[in-house]
$ cat structure.cif   # mmCIF, C-alpha atoms and all ligand atoms
data_entry
#
loop_
_atom_site.group_PDB
_atom_site.id
_atom_site.type_symbol
_atom_site.label_atom_id
_atom_site.label_comp_id
_atom_site.auth_asym_id
_atom_site.auth_seq_id
_atom_site.Cartn_x
_atom_site.Cartn_y
_atom_site.Cartn_z
ATOM 1 C CA MET X 1 0.000 0.000 0.000
ATOM 2 C CA ALA X 2 1.357 3.425 -0.962
ATOM 3 C CA LYS X 3 2.550 5.568 1.898
ATOM 4 C CA GLU X 4 0.215 8.484 2.642
ATOM 5 C CA PRO X 5 1.900 11.853 2.015
ATOM 6 C CA THR X 6 2.665 13.580 5.285
ATOM 7 C CA HIS X 7 2.431 17.293 5.876
ATOM 8 C CA ILE X 8 5.301 19.476 4.625
ATOM 9 C CA ALA X 9 5.085 22.728 6.521
ATOM 10 C CA GLY X 10 3.646 21.416 9.781
ATOM 11 C CA GLY X 11 3.453 23.983 12.590
ATOM 12 C CA ALA X 12 5.716 26.358 10.649
ATOM 13 C CA GLY X 13 2.941 26.909 8.079
ATOM 14 C CA ARG X 14 1.773 30.299 9.367
ATOM 15 C CA PRO X 15 5.222 31.935 9.854
ATOM 16 C CA LEU X 16 6.156 30.646 6.401
ATOM 17 C CA ALA X 17 2.959 32.138 4.982
ATOM 18 C CA VAL X 18 3.887 35.538 6.456
ATOM 19 C CA VAL X 19 7.358 35.303 4.853
ATOM 20 C CA MET X 20 5.669 34.290 1.604
ATOM 21 C CA TRP X 21 3.571 37.476 1.709
ATOM 22 C CA LEU X 22 6.278 39.854 2.957
ATOM 23 C CA ILE X 23 8.940 39.030 0.351
ATOM 24 C CA PRO X 24 6.906 40.091 -2.726
ATOM 25 C CA LEU X 25 5.464 43.072 -0.854
ATOM 26 C CA ALA X 26 9.002 44.266 -0.009
ATOM 27 C CA THR X 27 10.108 43.611 -3.611
ATOM 28 C CA VAL X 28 7.238 45.661 -5.018
ATOM 29 C CA ALA X 29 7.770 48.442 -2.426
ATOM 30 C CA VAL X 30 11.463 48.713 -3.420
ATOM 31 C CA GLY X 31 10.476 48.574 -7.093
ATOM 32 C CA MET X 32 8.117 51.541 -6.642
ATOM 33 C CA ARG X 33 11.153 53.785 -6.146
ATOM 34 C CA GLY X 34 12.060 55.679 -9.293
ATOM 35 C CA TRP X 35 15.094 53.791 -10.624
ATOM 36 C CA LEU X 36 15.346 55.407 -14.028
ATOM 37 C CA PRO X 37 17.609 58.410 -14.667
ATOM 38 C CA PRO X 38 15.779 61.663 -15.567
ATOM 39 C CA LEU X 39 14.329 61.517 -19.069
ATOM 40 C CA ALA X 40 16.022 63.649 -21.737
ATOM 41 C CA SER X 41 14.409 62.534 -25.016
ATOM 42 C CA GLU X 42 11.022 62.652 -26.719
ATOM 43 C CA HIS X 43 10.431 58.949 -27.496
ATOM 44 C CA GLY X 44 11.752 57.927 -24.043
ATOM 45 C CA ALA X 45 8.358 58.655 -22.444
ATOM 46 C CA GLY X 46 6.884 55.744 -24.453
ATOM 47 C CA ILE X 47 9.728 53.440 -23.385
ATOM 48 C CA ASP X 48 9.247 54.394 -19.727
ATOM 49 C CA LEU X 49 5.505 53.748 -20.025
ATOM 50 C CA MET X 50 6.146 50.331 -21.573
ATOM 51 C CA LEU X 51 8.639 49.451 -18.854
ATOM 52 C CA ARG X 52 6.284 50.544 -16.062
ATOM 53 C CA TYR X 53 3.393 48.646 -17.592
ATOM 54 C CA LEU X 54 5.398 45.416 -17.839
ATOM 55 C CA LEU X 55 6.709 45.829 -14.277
ATOM 56 C CA LEU X 56 3.169 46.426 -13.064
ATOM 57 C CA CYS X 57 1.962 43.228 -14.806
ATOM 58 C CA ALA X 58 4.891 41.274 -13.312
ATOM 59 C CA ALA X 59 4.229 42.759 -9.841
ATOM 60 C CA ALA X 60 0.517 41.854 -10.023
ATOM 61 C CA LEU X 61 1.361 38.257 -10.992
ATOM 62 C CA LEU X 62 4.049 38.009 -8.312
ATOM 63 C CA LEU X 63 1.651 39.264 -5.634
ATOM 64 C CA ALA X 64 -1.264 37.092 -6.810
ATOM 65 C CA GLY X 65 0.916 33.954 -6.885
ATOM 66 C CA HIS X 66 2.446 34.576 -3.463
ATOM 67 C CA ILE X 67 -0.866 35.526 -1.850
ATOM 68 C CA ALA X 68 -2.331 32.216 -3.083
ATOM 69 C CA LEU X 69 0.718 30.187 -1.955
ATOM 70 C CA GLY X 70 0.753 31.972 1.415
ATOM 71 C CA TYR X 71 -2.948 31.259 1.864
ATOM 72 C CA ILE X 72 -2.417 27.539 1.246
ATOM 73 C CA LEU X 73 0.402 27.481 3.815
ATOM 74 C CA TRP X 74 -1.660 29.479 6.316
ATOM 75 C CA ARG X 75 -4.790 27.379 5.899
ATOM 76 C CA PHE X 76 -3.376 23.872 5.514
ATOM 77 C CA GLY X 77 0.200 24.092 6.858
ATOM 78 C CA GLY X 78 -0.696 22.823 10.319
ATOM 79 C CA GLN X 79 -2.560 19.710 9.165
ATOM 80 C CA PRO X 80 -1.019 16.364 10.060
ATOM 81 C CA ARG X 81 -1.345 15.200 6.477
ATOM 82 C CA VAL X 82 -2.278 16.611 3.124
ATOM 83 C CA SER X 83 -4.290 14.637 0.654
ATOM 84 C CA PHE X 84 -3.941 15.429 -3.035
ATOM 85 C CA ARG X 85 -6.808 15.327 -5.415
ATOM 86 C CA MET X 86 -5.381 15.278 -8.916
ATOM 87 C CA ALA X 87 -7.094 17.258 -11.633
ATOM 88 C CA THR X 88 -8.437 15.459 -14.653
ATOM 89 C CA PRO X 89 -6.535 15.967 -17.940
ATOM 90 C CA LYS X 90 -9.431 18.105 -19.175
ATOM 91 C CA GLN X 91 -9.218 20.360 -16.120
ATOM 92 C CA GLU X 92 -5.433 20.649 -16.581
ATOM 93 C CA ARG X 93 -5.896 21.670 -20.207
ATOM 94 C CA THR X 94 -8.556 24.218 -19.305
ATOM 95 C CA TRP X 95 -6.482 25.768 -16.503
ATOM 96 C CA SER X 96 -3.341 25.896 -18.682
ATOM 97 C CA PHE X 97 -5.210 27.542 -21.523
ATOM 98 C CA PHE X 98 -6.808 30.206 -19.329
ATOM 99 C CA PRO X 99 -3.513 31.814 -18.104
ATOM 100 C CA ILE X 100 -2.032 31.643 -21.634
ATOM 101 C CA ILE X 101 -4.937 33.694 -23.012
ATOM 102 C CA LEU X 102 -4.901 36.080 -20.051
ATOM 103 C CA MET X 103 -1.139 36.710 -20.263
ATOM 104 C CA THR X 104 -1.286 37.144 -24.036
ATOM 105 C CA LEU X 105 -4.024 39.733 -23.738
ATOM 106 C CA ILE X 106 -2.537 41.655 -20.814
ATOM 107 C CA ALA X 107 1.234 41.569 -21.358
ATOM 108 C CA GLU X 108 1.611 41.024 -25.113
ATOM 109 C CA GLY X 109 -1.351 43.302 -25.808
ATOM 110 C CA GLY X 110 0.457 46.025 -23.857
ATOM 111 C CA VAL X 111 3.642 45.429 -25.851
ATOM 112 C CA PHE X 112 1.714 45.839 -29.103
ATOM 113 C CA VAL X 113 -0.380 48.834 -28.061
ATOM 114 C CA ILE X 114 2.275 50.802 -26.152
ATOM 115 C CA GLY X 115 5.585 49.396 -27.407
ATOM 116 C CA LEU X 116 5.098 48.883 -31.130
ATOM 117 C CA PRO X 117 4.461 52.563 -32.062
ATOM 118 C CA VAL X 118 7.609 53.608 -30.145
ATOM 119 C CA TRP X 119 9.642 50.855 -31.792
ATOM 120 C CA GLY X 120 8.305 51.796 -35.241
ATOM 121 C CA LYS X 121 9.253 55.426 -34.758
ATOM 122 C CA TYR X 122 12.687 54.656 -33.320
ATOM 123 C CA TYR X 123 13.708 52.607 -36.372
ATOM 124 C CA GLY X 124 11.553 54.381 -38.967
ATOM 125 C CA ALA X 125 12.430 57.221 -41.350
ATOM 126 C CA SER X 126 13.658 60.328 -39.548
ATOM 127 C CA PRO X 127 12.386 63.840 -40.399
ATOM 128 C CA ALA X 128 14.167 65.724 -43.194
ATOM 129 C CA ASP X 129 15.762 68.255 -40.818
ATOM 130 C CA SER X 130 17.558 65.537 -38.804
ATOM 131 C CA VAL X 131 21.193 65.891 -37.867
ATOM 132 C CA VAL X 132 22.911 62.753 -39.168
ATOM 133 C CA VAL X 133 25.839 61.330 -37.232
ATOM 134 C CA ASP X 134 27.947 58.395 -38.367
ATOM 135 C CA ILE X 135 29.493 56.334 -35.583
ATOM 136 C CA VAL X 136 32.072 53.576 -35.872
ATOM 137 C CA ALA X 137 32.599 51.644 -32.657
ATOM 138 C CA GLU X 138 35.938 49.998 -31.991
ATOM 139 C CA GLN X 139 37.709 48.449 -29.021
ATOM 140 C CA PHE X 140 37.485 50.770 -27.020
ATOM 141 C CA ALA X 141 36.310 54.058 -28.483
ATOM 142 C CA TRP X 142 33.449 55.752 -30.308
ATOM 143 C CA ASN X 143 34.555 57.307 -33.630
ATOM 144 C CA ILE X 144 32.047 60.000 -34.467
ATOM 145 C CA ARG X 145 31.648 61.830 -37.787
ATOM 146 C CA TYR X 146 29.480 64.633 -39.199
ATOM 147 C CA PRO X 147 29.109 65.091 -42.969
ATOM 148 C CA GLY X 148 30.301 68.739 -42.905
ATOM 149 C CA GLN X 149 29.173 71.638 -45.124
ATOM 150 C CA ASP X 150 28.207 69.499 -48.133
ATOM 151 C CA GLY X 151 25.916 67.279 -46.054
ATOM 152 C CA VAL X 152 27.439 64.160 -47.646
ATOM 153 C CA PHE X 153 29.558 61.585 -45.846
ATOM 154 C CA GLY X 154 32.830 60.872 -47.634
ATOM 155 C CA ARG X 155 33.867 57.404 -48.750
ATOM 156 C CA THR X 156 35.625 55.126 -46.277
ATOM 157 C CA SER X 157 37.689 52.000 -46.729
ATOM 158 C CA PRO X 158 38.993 49.503 -44.157
ATOM 159 C CA SER X 159 42.382 49.512 -45.934
ATOM 160 C CA LEU X 160 42.827 53.221 -45.084
ATOM 161 C CA ILE X 161 42.332 52.769 -41.332
ATOM 162 C CA SER X 162 45.288 54.033 -39.319
ATOM 163 C CA LEU X 163 45.942 55.649 -35.941
ATOM 164 C CA ASP X 164 45.424 59.099 -37.498
ATOM 165 C CA ASN X 165 42.446 57.968 -39.574
ATOM 166 C CA PRO X 166 40.494 55.536 -37.366
ATOM 167 C CA MET X 167 37.407 55.592 -39.619
ATOM 168 C CA GLY X 168 39.404 54.935 -42.811
ATOM 169 C CA LEU X 169 38.221 58.096 -44.629
ATOM 170 C CA ASP X 170 39.364 58.313 -48.246
ATOM 171 C CA PRO X 171 41.349 61.577 -48.791
ATOM 172 C CA SER X 172 40.862 61.292 -52.573
ATOM 173 C CA ASP X 173 37.082 61.616 -52.218
ATOM 174 C CA ALA X 174 35.919 65.245 -52.422
ATOM 175 C CA ALA X 175 32.979 64.539 -50.111
ATOM 176 C CA ALA X 176 35.383 63.341 -47.397
ATOM 177 C CA GLN X 177 37.410 66.585 -47.293
ATOM 178 C CA ASP X 178 34.948 68.507 -45.131
ATOM 179 C CA ASP X 179 33.808 65.593 -42.960
ATOM 180 C CA LEU X 180 34.113 66.390 -39.262
ATOM 181 C CA PRO X 181 35.597 63.485 -37.299
ATOM 182 C CA SER X 182 35.711 63.343 -33.519
ATOM 183 C CA ILE X 183 36.694 60.678 -31.020
ATOM 184 C CA GLY X 184 34.294 60.143 -28.147
ATOM 185 C CA LEU X 185 32.687 63.596 -28.258
ATOM 186 C CA MET X 186 29.304 64.066 -29.904
ATOM 187 C CA PHE X 187 27.367 67.314 -30.218
ATOM 188 C CA LEU X 188 23.631 67.491 -30.891
ATOM 189 C CA PRO X 189 21.172 70.389 -31.026
ATOM 190 C CA VAL X 190 18.315 70.296 -28.548
ATOM 191 C CA ASN X 191 14.747 69.608 -29.783
ATOM 192 C CA ARG X 192 15.934 68.582 -33.248
ATOM 193 C CA PRO X 193 15.814 64.994 -34.519
ATOM 194 C CA ALA X 194 19.144 63.189 -34.612
ATOM 195 C CA ARG X 195 19.752 60.113 -36.735
ATOM 196 C CA ILE X 196 22.550 57.917 -35.445
ATOM 197 C CA ARG X 197 24.139 55.533 -37.947
ATOM 198 C CA LEU X 198 26.009 52.749 -36.200
ATOM 199 C CA HIS X 199 28.788 50.453 -37.437
ATOM 200 C CA SER X 200 31.421 48.370 -35.693
ATOM 201 C CA ARG X 201 35.037 47.952 -36.766
ATOM 202 C CA ASP X 202 35.697 44.827 -34.741
ATOM 203 C CA VAL X 203 33.366 43.144 -32.247
ATOM 204 C CA LEU X 204 29.822 43.557 -30.965
ATOM 205 C CA HIS X 205 29.308 46.824 -29.039
ATOM 206 C CA SER X 206 26.146 48.515 -27.786
ATOM 207 C CA PHE X 207 25.532 52.243 -28.109
ATOM 208 C CA PHE X 208 23.804 53.339 -24.914
ATOM 209 C CA LEU X 209 22.433 56.743 -23.880
ATOM 210 C CA PRO X 210 20.689 55.960 -20.570
ATOM 211 C CA PHE X 211 19.120 59.403 -20.119
ATOM 212 C CA HIS X 212 17.688 59.272 -23.655
ATOM 213 C CA ARG X 213 16.432 55.670 -23.355
ATOM 214 C CA LEU X 214 18.420 54.794 -26.432
ATOM 215 C CA LYS X 215 20.267 51.504 -26.653
ATOM 216 C CA GLN X 216 21.260 49.754 -29.835
ATOM 217 C CA ASP X 217 23.643 46.870 -30.469
ATOM 218 C CA VAL X 218 26.407 47.774 -32.916
ATOM 219 C CA VAL X 219 26.996 44.736 -35.098
ATOM 220 C CA PRO X 220 30.077 44.148 -37.290
ATOM 221 C CA GLY X 221 29.112 44.081 -40.971
ATOM 222 C CA MET X 222 25.836 45.916 -40.427
ATOM 223 C CA SER X 223 24.758 49.556 -40.639
ATOM 224 C CA ILE X 224 21.981 50.237 -38.138
ATOM 225 C CA ASP X 225 20.103 53.544 -37.907
ATOM 226 C CA VAL X 226 18.100 54.839 -34.966
ATOM 227 C CA TRP X 227 16.747 58.320 -34.416
ATOM 228 C CA PHE X 228 15.609 60.343 -31.439
ATOM 229 C CA VAL X 229 14.996 63.918 -30.269
ATOM 230 C CA PRO X 230 17.020 65.166 -27.275
ATOM 231 C CA THR X 231 14.864 67.493 -25.168
ATOM 232 C CA GLN X 232 17.349 68.828 -22.590
ATOM 233 C CA THR X 233 20.658 70.589 -22.984
ATOM 234 C CA GLY X 234 23.602 69.259 -20.992
ATOM 235 C CA ASP X 235 26.359 66.657 -20.905
ATOM 236 C CA TYR X 236 25.465 62.966 -20.976
ATOM 237 C CA GLU X 237 27.487 59.789 -20.895
ATOM 238 C CA ILE X 238 27.743 57.584 -23.977
ATOM 239 C CA ALA X 239 28.257 54.068 -22.642
ATOM 240 C CA CYS X 240 28.988 50.735 -24.277
ATOM 241 C CA ALA X 241 26.437 48.259 -22.954
ATOM 242 C CA GLU X 242 28.118 45.180 -24.411
ATOM 243 C CA LEU X 243 30.994 43.392 -22.702
ATOM 244 C CA CYS X 244 33.323 43.930 -25.660
ATOM 245 C CA GLY X 245 36.758 43.096 -24.292
ATOM 246 C CA PHE X 246 39.265 43.865 -21.524
ATOM 247 C CA GLY X 247 38.997 47.636 -22.002
ATOM 248 C CA HIS X 248 35.185 47.663 -22.112
ATOM 249 C CA TYR X 249 34.978 49.673 -18.879
ATOM 250 C CA GLN X 250 36.793 52.605 -20.483
ATOM 251 C CA MET X 251 34.647 52.712 -23.635
ATOM 252 C CA ARG X 252 32.915 55.936 -22.705
ATOM 253 C CA GLY X 253 32.021 58.971 -24.740
ATOM 254 C CA LEU X 254 30.340 62.281 -24.094
ATOM 255 C CA LEU X 255 27.151 63.608 -25.669
ATOM 256 C CA ARG X 256 26.840 67.372 -25.370
ATOM 257 C CA VAL X 257 23.340 68.650 -26.189
ATOM 258 C CA LEU X 258 23.437 72.346 -27.105
ATOM 259 C CA SER X 259 21.108 75.074 -28.296
ATOM 260 C CA GLU X 260 20.820 75.304 -32.099
ATOM 261 C CA ALA X 261 23.137 78.373 -32.237
ATOM 262 C CA ASP X 262 25.773 76.776 -29.982
ATOM 263 C CA PHE X 263 25.618 73.571 -32.021
ATOM 264 C CA GLU X 264 26.220 75.468 -35.283
ATOM 265 C CA ALA X 265 29.111 77.360 -33.655
ATOM 266 C CA GLU X 266 30.623 74.069 -32.492
ATOM 267 C CA MET X 267 30.335 72.607 -36.020
ATOM 268 C CA GLN X 268 32.170 75.655 -37.400
ATOM 269 C CA GLN X 269 35.027 75.180 -34.942
ATOM 270 C CA MET X 270 35.533 71.449 -35.451
ATOM 271 C CA PRO X 271 38.574 70.618 -37.603
ATOM 272 C CA THR X 272 37.704 68.988 -40.925
ATOM 273 C CA PHE X 273 39.268 65.715 -42.040
ATOM 274 C CA GLN X 274 41.629 67.391 -44.543
HETATM 275 CU CU CU X 301 32.174 48.226 -26.570
#
$ encode --input "structure.cif" --output "structure tokens"
Amino acid sequence: MAKEPTHIAGGAGRPLAVVMWLIPLATVAVGMRGWLPPLASEHGAGIDLMLRYLLLCAAALLLAGHIALGYILWRFGGQPRVSFRMATPKQERTWSFFPIILMTLIAEGGVFVIGLPVWGKYYGASPADSVVVDIVAEQFAWNIRYPGQDGVFGRTSPSLISLDNPMGLDPSDAAAQDDLPSIGLMFLPVNRPARIRLHSRDVLHSFFLPFHRLKQDVVPGMSIDVWFVPTQTGDYEIACAELCGFGHYQMRGLLRVLSEADFEAEMQQMPTFQ
């Protein structure tokens, strides 16, 4: 004869139930603190909303699950034995299907309704008056380039890469003459769209502007564009969010967001490639 299952929690059922309730409550209370850095871009509001919505869904599920588990411990923990009544296969199917539908509607629905428009804008075509910046990531620096007066980026070639010419700009190309290269320092005008064109010279990097809620992997062999509108002037860190090698920690740059007039003045002062 099969041995009857004995109780698991015994007399400790009620203290365990309290722990079961307190842990998620403490987690949610800590999570309510504002963890995000102050927002400094237009599209970032949509990203923050998406993040808060998903955290709220996760918190509700965490609380609901722990309240139910705690209740079972509180109610039945002290019993000398627990008898199990197994569900029928049909009941199991029904109760598996129900949470799938609920989660799809609540969480995935939120992703589609809130997240998809932000995603579409982030990767979509940028307005005609956008400032375009070309960035080549390398171990362990951000090579930044503006097209200069002619508005056209000059030709580049990997064979021309050197210490003095880290982006491999071609001096024989007329469009390259007035290009404005910079290492680790990027200027942008406030309240004007900026299109960032990302390439990598070596390994996988990730272009990260935490205050602007902008993060994009930089993949060797690919050219990836994202665009955003900075809404605050000031200095912001450009970080690499990909563990890209031993010097990863020092792969930092600076984004300086200026007024339109200051930005134009800065562009005038930057030395051209040739
Ligand atoms: Cu990196």
$ resolve_selection --input "structure.cif" --expression "the PyMOL selection byres (((not hetatm)) within 12 of (chain X and resi 301))" --output "MDAnalysis selection string"
chainID X and resid 136:143 199:208 216:220 238:253
$ resolve_selection --input "structure.cif" --expression "the PyMOL selection byres (((chain X and resi 127) around 10) and not hetatm)" --output "number ranges by chain"
X: 124-126, 128-131, 192-195, 227
$ atom_distance --input "structure.cif" --atom1 "CA of Gly109 in chain X" --atom2 "CA of Leu55 in chain X"
14.3 Å
$ atom_distance --input "structure.cif" --atom1 "CA of Leu56 in chain X" --atom2 "CA of Leu16 in chain X"
25.2 Å
$ residues_near_point --input "structure.cif" --point "(17.8, 55.5, -22.1)" --cutoff "10 Å" --atoms "all atoms listed in the file" --output "list in words"
Leu36, Pro37, Pro38, Leu39, Ala40, Ser41, His43, Gly44, Ala45, Ile47, Asp48, Phe208, Leu209, Pro210, Phe211, His212, Arg213, Leu214 and Lys215 of chain X
$ atom_distance --input "structure.cif" --atom1 "CA of Ser259 in chain X" --atom2 "CA of Gln232 in chain X"
9.3 Å
$ residues_near_point --input "structure.cif" --point "(16.3, 72.2, -28.9)" --cutoff "7 Å" --atoms "only C-alpha atoms" --output "ChimeraX atom specification"
/X:189-192,231,259-260
$ residues_around --input "structure.cif" --residues "Asp150 in chain X" --least-positions-apart "5" --cutoff "12 Å" --atoms "all atoms listed in the file" --output "list in words"
Ala174, Ala175, Ala176, Gln177, Asp178, Asp179, Leu180 and Thr272 of chain X
$ closest_residue --input "structure.cif" --among "X:Gly13, X:Asp235, X:Arg52, X:Pro147" --to "Ile72 in chain X" --atoms "only C-alpha atoms"
X:Gly13
$ residues_around --input "structure.cif" --residues "Tyr53 in chain X" --least-positions-apart "6" --cutoff "10 Å" --atoms "all atoms listed in the file" --output "NGL selection string"
:X and (47 or 59 or 106-107 or 110-111 or 114)
$ resolve_selection --input "structure.cif" --expression "the PyMOL selection byres (((chain X and resi 257) around 6) and not hetatm)" --output "list in words"
Phe187, Leu188, Pro189, Val190, Thr233, Gly234, Arg256 and Leu258 of chain X
